[in-house]
Every structure is written in structure tokens, then in C-alpha cells.
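First up is the structure itself, then whatever we jot down about it.
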Amino acid sequence: MLFDLPDHATLYRALQGRDSAYDGQAYVCVVSTGIFCRLTCPARKPKPENCTFYATAGECITAGYRPCKRCKPLAPMAASDPAIATLLGALEECPEHRWSEEDVARMGFDPSTVRRGFKRQFGMTFLEMARQRRLRDGFETIRGGGKVIEAQLDARFDSASAFRAAFARLLGRAPGSFDQGALLLAEWVTTPLGDMISLCSRSHLHLLEFVGRKALRAEAARLETRSQGALGIGKTAPGEQIRAELEAFFAGRCAEFRTPLAYSGSPFAQAVWEELRQIPPGVTRSYSDIAARIGRPTATRAVARANGANQIALVVPCHRVIGADGSLTGYGGGLWRKQKLLEIERQFRIPSTA
């Protein structure tokens with residue numbers, strides 16, 4: 001479970017003391033280096049504000065961190081499965097390679113078995129791990145002002161066309177078509193539940209979606225049309241604010257989001273989204289509950305459509321809406337994420353005084 005961990009201060013003391021009781025039970029991710037370690041790592045200790053702790057190595061990888069070469073936090077998982085050990089070693093040796101299932105088979109492993117093993121240990125397949133690692137590197141290069149060819153090299157794509165295609169699958173356009181002076185700027189945000197993309201103006205957050213969500217490209221295109229300006233990649237104040245607030249949320253420190261939001265929807269949809277934001281963390285509502293609360297008790301289906309059209313995930317908490325029978329119902333980011341988010345938010349629930 002994601003939050004079966006002590007608080008940040010306790011874990012940081014364990015890191016300073018190299019407490020072996022936490023070995024395999026908690027890992028530290030260091031923001032300043034992009035590395036994650038065991039708490040027993042002999043390396044110099046980072047500042048507490050640069051540390052984020054997770055319960056599993058898979059969560060660290062999903063959040064975008066690389067394993068430490070000194071304490072080797074993946075060694076236990078690798079030791080339990082020879083295929084994992086071999087493939088992780090191959091990925092570290094050749095991160096620039098465009099890995100395929102044919103490569104896995106040529107190394108003597110069954111691709112379906114490898115998929116299940118990596119999913120079980122890390123929450124993602126080997127191919128997803130390799131591809132995501134490369135694409136994120138390229139995205140961050142462009143975000144920092146680098147040229148497309150530099151981003152392609154940093155992402156370790158041999159082919160310019162393959163790099164363009166990977167970007168196009170993400171946001172619907174090639175990297176060279178992004179405008180640094182655009183009204184809406186995209187940023188890549190890592191979280192324990194998977195990477196996300198934010199789209200922000202200089203003053204507001206317009207979109208926050210998980211990478212891989214099918215609607216992401218269409219949502220970005222609609223926002224570009226409505227803003228009458230091209231999309232770009234770069235830093236904004238709202239982008240940095242939501243990044244910090246998401247980190248606090250997943251670290252278990254705070255569930256309040258204060259980043260200014262810009263809605264893109266009908267007045268009815270906006271009323272639904274505002275009502276969603278009134279649901280306390282750790283609490284769920286049904287579609288009919290929301291309909292009644294906005295004064296439209298017969299509009300249950302319209303509420304469901306507005307809920308599904310939300311494009312500011314987590315901040316507008318559509319994951320807190322469930323079926324009347326208590327079922328999770330649909331969620332664009334995947335039902336497994338919805339379940340995990342509801343589990344995470346239990347720690348923020350305010351106890352009843354009744």
C-alpha cells in the first residue's frame with residue numbers, strides 16, 4: 001500500500017541513521033539528483049526538503065527516478081527473477097536502444113512472462129519503462145529551452161521521425177511545432193501513479209491529465225483552438241505550483257490544491273466541477289448526489305457526462321464520484337488509479353464529530 005509509511009521526519013531520521021529496519025520497506029527519492037536509494041545507502045545524505053519517500057521501488061521508477069548505482073535498490077527484485085535482473089542490466093547498459101518484444105525474445109525470455117513480472121514488481125512493463133524514460137528526458141530538454149535535435153539526442157532516439165511520432169502520440173503534434181512563446185505551455189509532472197501532463201497559461205492551470213489517457217490529444221487541441229494560440233513547452237508559475245502541490249499530496253502532507261484553474265466547458269459542466277471540489281478528501285458521492293446538490297436532481301446522466309469531461313484530474317476530483325450502488329464506475333485515468341486515489345485520501349479524511 002502506498003501510505004503504510006511513517007511521516008517524513010521519521011523516515012528522514014531513518015535515512016540519516018541508515019536504519020536497516022526499513023530496508024525494502026521504504027525508499028528515498030532525491031529531487032536534486034533524480035536518484036532513488038535504500039535508506040541504508042552509504043552515500044552522502046541529501047537535505048530533507050529534497051527527499052520524497054515511497055513504499056516501493058516501482059513507485060520511485062513511476063515517479064521518474066533512477067536507481068542508485070551505489071546501494072542498488074533494485075537488486076532484491078532482480079535477484080528474485082533472472083529475467084528482471086538481465087533486462088534491467090541491459091536497459092542500464094543501452095538506454096538509447098529502442099527495445100521491443102523481439103529483443104526480449106532474442107534474449108531467451110518469454111515476452112508475456114516478462115510483462116507480468118515487471119507489472120507485478122514495478123506497475124509497468126519493461127517496454128513502458130524504457131520508452132517513458134527516454135521520452136521524458138527529451139521533454140525536459142525542450143522545457144529547459146533546448147533545441148529539438150538536442151531533445152532527440154537526450155531522449156536517445158536514433159530516428160528523428162520516431163522521436164516526432166512519440167511526441168505526436170502524446171500531445172498530437174511534433175516537438176518542432178511547439179512555440180516557446182505560446183499562450184499555453186505544457187510541463188511533464190511525475191507522480192507515484194504515473195506521469196502527467198499539465199497545460200498552463202501564465203496565470204491558470206487549464207489541463208492536468210495522466211500520460212497515455214486517450215482523450216489527452218483531443219483535449220489539448222480543443223484548448224489550443226479556444227485560446228487562439230499555439231501550444232508550447234516551458235515553465236509557468238501555475239505549472240510550478242501544481243507540481244509542488246501534487247508532491248505534497250502524494251507525500252501525505254496536504255490534500256488542498258490552490259493553483260488557479262481555468263475551466264473549459266458549459267456553465268452546467270462548470271457547476272458540476274465546482275461541486276466536485278466541495279467533496280472532502282476521503283469522501284465519495286454518487287452522480288445523483290451531485291445532481292441534487294447543484295439543484296438539478298433529474299440531471300444524473302448529464303452530471304455523469306460532465307464528470308467524464310473533466311480535464312483537470314485530481315484537482316477537480318472526479319475520482320470521488322462513484323455509482324449509486326457503490327461501484328467505482330468509469331475513470332479516464334484507469335479504475336486502478338481511481339481505487340488508489342481513494343485509498344490515498346483516507347489519510348486526509350476529517351474524523352466525524354457526531
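Each chain in the C-alpha cells gets a letter, A, B, ..., in the order shown, and its residues are numbered from 1; ligands are numbered from 1 in order too.
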Find the residues of stretch 238-292 of chain A that sit at most 12 Å from stretch 41-65 of chain A; for each, write down the nearest two atoms and how far apart they are in Å, to one decimal. Count only C-alpha atoms. Sort by chain, then by number going up, and give it as CSV.
residue,atom,partner,partner_atom,distance
A:Ala244,CA,A:Glu49,CA,11.7
A:Leu246,CA,A:Ala63,CA,11.5
A:Glu247,CA,A:Thr52,CA,8.3
A:Ala248,CA,A:Thr52,CA,9.3
A:Phe249,CA,A:Thr52,CA,11.4
A:Phe250,CA,A:Tyr54,CA,9.2
A:Ala251,CA,A:Thr52,CA,6.8
A:Gly252,CA,A:Phe53,CA,10.1
A:Arg253,CA,A:Thr52,CA,11.1
Selection: 12 Å around A:Gln228, only C-alpha atoms, excl. self and same-chain fewer than 4 positions, as a ChimeraX atom specification: /A:182-184,221-224
Contacts of A:Ala306 within 10 Å, only C-alpha atoms, excl. fewer than 6 positions in-chain, as JSON, numbers by chain: {"A": [265, 266, 268, 269, 270, 271, 272, 273, 300, 318]}
Residue among A:Ser227, A:Gly295, A:Val303, A:Thr125 lying closest to A:Ser201, counting only C-alpha atoms: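 Of all the options, A:Ser227 lies closest to A:Ser201.
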Gap from atom CA of A:Ser264 to atom CA of A:Arg213 - Å, one decimal: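 Computing the Euclidean distance for atom CA of A:Ser264 and atom CA of A:Arg213 yields 17.9 Å.
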Nearby residues (only C-alpha atoms) at most 12 Å from stretch 24-27 of chain A, same-chain spacing under 3 positions excluded, as number ranges by chain: A: 1-8, 10-12, 14-15, 18-21, 30, 35-41, 51-61, 65-68, 71-77
Test item: residues at most 8 Å from A:Leu87, only C-alpha atoms, excluding those fewer than 3 positions along its chain, as a VMD selection string: chain A and resid 83 to 84 90 to 91 104 126
Interatomic distance (Å, one decimal) between atom CA of A:Thr191 and atom CA of A:Arg346: 18.1 Å
Sel. of alpha helix (DSSP H) residues, stretch 100-309 of chain A, as an MDAnalysis selection string: chainID A and resid 101:106 111:122 126:143 148:154 160:171 216:227 237:250 267:276 287:293 300:309
Two-atom distance - atom CA of A:Leu185, atom CA of A:Arg277 (Å):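 Value for the atom CA of A:Leu185-atom CA of A:Arg277 distance: 24.3 Å.
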Shell around stretch 343-345 of chain A at 7 Å using only C-alpha atoms, local window under 3 positions removed, as number ranges by chain: A: 3, 281-282, 339-340, 348-349
